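Just below is one structure, and these are the notes that go with it.
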Amino acid sequence: MRPPHIHTELPGPNARALMARDRAVSSPSYPRDYPFVMARGRGVEAWDVDGNRFLDFAAGIAVCSTGHAHPAVVQAIKSAADDFLHISSDYWHERMTRLAERINELDPMRQPVQVFMCQSGTESVEGALKLARYVTGRPRFIAFLGGFHGRTMGSLALTASKHTQQAGFFPAMPGVTHVPYPNVYRPLFAGPDQGRATLDYIETVLFQSNLPAAEVAAIVVEPIQGEGGYLVPPDGFLAGLRALCDRHGILLVFDEVQSGVGRTGRMFASEHWGVSPDIMTLAKGLGSGLPIGLVIARKAHMEKWKRGAHGNTFGGNPICCAAALATLDLVQAEYAANAAQVGDYFLARLRELQQRFDCIGDVRGKGLMIGAELVTDRTGRKPAAALCQKVLTRAFHNGLLLLSCGMSTLRFIPPLMVNRAQVDEALSLLQVALSEALAEP
């Protein structure tokens, strides 16, 4: 039975026509899960070109932090566009400077910082890599299995969430060593504390047998791992990384491209553990949909860059800066707190659903960065990848937009202004999708 807000069989005729046009002219490399063709969005709701309404719990991969077309963000964009559309980052303008000041006011490192502006998460990671090498004079990096940091050649070298992202592009940037990210649900090391075990592996195995600590410029880590499965690290892990880096003169880089800007109920995910990095990368939710990324570093590090050491053409675009400033105001005033409160409710409701569906092996997350891992059986914890894809497809056909991550994890990343009633509606649609997917042969 078709849900009342879905008026046509999906994809509808207008969607099919546009996809046919697109197939001839667009790259086939985009990792599209289901045939959604968007026409407009407001808040948590989106409509396709055939007039079908959807609840958007993907938010453009955690980008639409304040919801689709938030009036305050739209007005900030319009006002900036009335002034001028572009001046390269070789020069100055008020909104660019104000955004850097605003980041300092948020105090992400509990000391003064400087900011380099760019257009995306992958570019912010590239900037962090360059800065780390420049400051330390060291060539190597440590990253984590399951991590995603981007698709350009430097950030791709750090990325280890799916082999398809690497296939056909070897060699990427040399000098990256990957270690396991602590996974409480799927432990790789012996012992109850996977965070401590990972730290011990770096210190007592890797540094002794393969990787000279004195050659490592930085350890790059997601405070909550995104594409790898929405893994929340055990308490003490990030603090342990901080101490390890301090012992060996290594910079600590937090990639908060997905977890930052209120997504976890705090402005930055690392605040949950009270740990400050040397360098932080932001993007995704920062511009509420406009392309902007930041490299944020302790002033003592970034001020070492000389004139011309790094730059770009579009960094600090006035319209993107305006969107970011409006976004930060909304997140700080209201939406980070809403993400914490509604996120707790969402997690509790998902755990209730877990009691009714044996295929939900684990529910985890902070704020509105939530994952539900699907398994073939709870005892063996075998990933249910095929089922996960079926649930995504059935959710779409019922009017709920979701994404997956890890081996078989449904991820829930709605706009930060989502309310409990919308969570309840999404969970009702999810329950139908799970039942339908499980009934398929």
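Chain labels run A, B, ... following the order of the structure tokens; each chain numbers its residues from 1, and ligands are numbered from 1 in the order shown.
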Can I get the residues of region 197-270 of chain A within 9 Å of region 408-430 of chain A, each with the closest pair of atoms and their distance in Å to one decimal, using only C-alpha atoms, sorted chain first then ascending number, as CSV?
residue,atom,partner,partner_atom,distance
A:Gly229,CA,A:Thr409,CA,6.0
A:Tyr230,CA,A:Arg411,CA,7.4
A:Gly262,CA,A:Leu416,CA,7.5
A:Arg263,CA,A:Leu416,CA,6.8
A:Gly265,CA,A:Leu416,CA,8.8
Which residues are near Ala132 (chain A)? Cut-off 8 Å, only C-alpha atoms, ignore same chain within fewer than 4 positions. Put them as a list in words.
Ala128, Thr136, Gly137, Arg138, Ala217, Ala218 and Leu251 of chain A
Could the residues in this selection be saved with C-alpha atoms as a PDB file, in the first residue's frame?
ATOM      1  CA  ALA A 128      45.821  20.223   7.445  1.00  0.00           C
ATOM      2  CA  THR A 136      56.993  19.720  11.968  1.00  0.00           C
ATOM      3  CA  GLY A 137      59.323  19.106   9.024  1.00  0.00           C
ATOM      4  CA  ARG A 138      58.227  15.462   9.223  1.00  0.00           C
ATOM      5  CA  ALA A 217      54.003  14.721  11.457  1.00  0.00           C
ATOM      6  CA  ALA A 218      50.450  14.075  12.644  1.00  0.00           C
ATOM      7  CA  LEU A 251      50.487  16.982  15.941  1.00  0.00           C
TER       8      LEU A 251
END
Option closest in space to Leu347 (chain A), from A:Ala322, A:Ala269, A:Leu328, A:Ala372 [counting only C-alpha atoms]
A:Ala372
What does the distance from CA of Pro212 (chain A) to CA of Gln111 (chain A) come to in Å, to one decimal?
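Between these atoms lies a distance of 29.7 Å.
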Skip Ile296 (chain A) itself and residues of its chain fewer than 3 positions away, then list as a short mmCIF file (atom, residue, chain, number, x, y, z; two decimals) with C-alpha atoms, in the first residue's frame all residues within 9 Å of it, counting only C-alpha atoms.
data_model
loop_
_atom_site.label_atom_id
_atom_site.label_comp_id
_atom_site.auth_asym_id
_atom_site.auth_seq_id
_atom_site.Cartn_x
_atom_site.Cartn_y
_atom_site.Cartn_z
CA ALA A 100 37.61 33.62 11.69
CA ILE A 103 35.68 30.50 15.37
CA PRO A 108 37.76 24.95 19.87
CA VAL A 113 43.56 29.88 16.68
CA GLN A 114 43.99 30.99 13.10
CA VAL A 115 41.79 29.88 10.22
CA PHE A 116 42.40 28.95 6.58
CA MET A 117 39.24 28.92 4.46
CA SER A 124 40.39 21.27 4.50
CA ALA A 128 45.82 20.22 7.45
CA ASP A 278 46.45 21.00 17.26
CA ILE A 279 44.52 21.24 13.99
CA MET A 280 40.81 20.78 13.26
CA THR A 281 39.00 20.48 9.94
CA LEU A 282 35.39 21.60 9.41
CA LYS A 299 47.95 30.14 16.32
CA MET A 302 49.56 28.37 11.68
#
Mind listing the alpha helix (DSSP H) residues of region 59-162 of chain A, per DSSP on the backbone, as number ranges by chain?
A: 59-62, 71-83, 94-106, 121-136, 153-158
Those residues you just picked out, can you put them in a file as an mmCIF file, in the first residue's frame with C-alpha atoms?
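Dumped everything to selection_4.cif:
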data_model
loop_
_atom_site.group_PDB
_atom_site.id
_atom_site.type_symbol
_atom_site.label_atom_id
_atom_site.label_comp_id
_atom_site.auth_asym_id
_atom_site.auth_seq_id
_atom_site.Cartn_x
_atom_site.Cartn_y
_atom_site.Cartn_z
ATOM 1 C CA ALA A 59 20.527 16.033 5.172
ATOM 2 C CA GLY A 60 22.811 16.048 2.149
ATOM 3 C CA ILE A 61 25.319 13.868 4.044
ATOM 4 C CA ALA A 62 25.037 15.907 7.257
ATOM 5 C CA PRO A 71 14.976 31.701 6.442
ATOM 6 C CA ALA A 72 17.843 33.260 8.425
ATOM 7 C CA VAL A 73 20.470 31.520 6.296
ATOM 8 C CA VAL A 74 18.670 32.379 3.056
ATOM 9 C CA GLN A 75 18.427 36.023 4.104
ATOM 10 C CA ALA A 76 22.132 36.133 5.001
ATOM 11 C CA ILE A 77 22.967 34.707 1.566
ATOM 12 C CA LYS A 78 20.732 37.221 -0.210
ATOM 13 C CA SER A 79 22.239 40.142 1.692
ATOM 14 C CA ALA A 80 25.764 39.035 0.888
ATOM 15 C CA ALA A 81 24.901 38.497 -2.779
ATOM 16 C CA ASP A 82 23.614 42.054 -2.981
ATOM 17 C CA ASP A 83 27.067 43.315 -1.962
ATOM 18 C CA GLU A 94 34.393 41.762 6.531
ATOM 19 C CA ARG A 95 32.556 38.442 6.505
ATOM 20 C CA MET A 96 35.743 36.435 6.042
ATOM 21 C CA THR A 97 37.450 38.107 8.986
ATOM 22 C CA ARG A 98 34.300 37.901 11.084
ATOM 23 C CA LEU A 99 34.026 34.150 10.495
ATOM 24 C CA ALA A 100 37.611 33.616 11.695
ATOM 25 C CA GLU A 101 36.844 35.761 14.751
ATOM 26 C CA ARG A 102 33.690 33.742 15.359
ATOM 27 C CA ILE A 103 35.680 30.503 15.374
ATOM 28 C CA ASN A 104 38.005 31.992 17.988
ATOM 29 C CA GLU A 105 34.981 32.915 20.112
ATOM 30 C CA LEU A 106 33.877 29.272 20.011
ATOM 31 C CA GLY A 121 36.062 18.806 3.593
ATOM 32 C CA THR A 122 38.663 17.163 1.411
ATOM 33 C CA GLU A 123 40.361 20.505 0.786
ATOM 34 C CA SER A 124 40.391 21.270 4.499
ATOM 35 C CA VAL A 125 42.109 17.922 5.122
ATOM 36 C CA GLU A 126 44.648 18.671 2.379
ATOM 37 C CA GLY A 127 45.392 21.969 4.099
ATOM 38 C CA ALA A 128 45.821 20.223 7.445
ATOM 39 C CA LEU A 129 48.288 17.755 5.908
ATOM 40 C CA LYS A 130 50.332 20.544 4.352
ATOM 41 C CA LEU A 131 50.367 22.544 7.570
ATOM 42 C CA ALA A 132 51.434 19.531 9.640
ATOM 43 C CA ARG A 133 54.351 18.798 7.325
ATOM 44 C CA TYR A 134 55.315 22.456 7.160
ATOM 45 C CA VAL A 135 55.294 22.958 10.932
ATOM 46 C CA THR A 136 56.993 19.720 11.968
ATOM 47 C CA MET A 153 45.044 12.431 -3.443
ATOM 48 C CA GLY A 154 46.288 13.513 -0.026
ATOM 49 C CA SER A 155 43.043 12.973 1.842
ATOM 50 C CA LEU A 156 42.450 9.787 -0.158
ATOM 51 C CA ALA A 157 45.699 8.396 1.237
ATOM 52 C CA LEU A 158 44.191 8.757 4.718
#
Please report the interatomic distance between CA of Met109 (chain A) and CA of Gly150 (chain A) in Å with one decimal.
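Distance between the two atoms: 23.3 Å.
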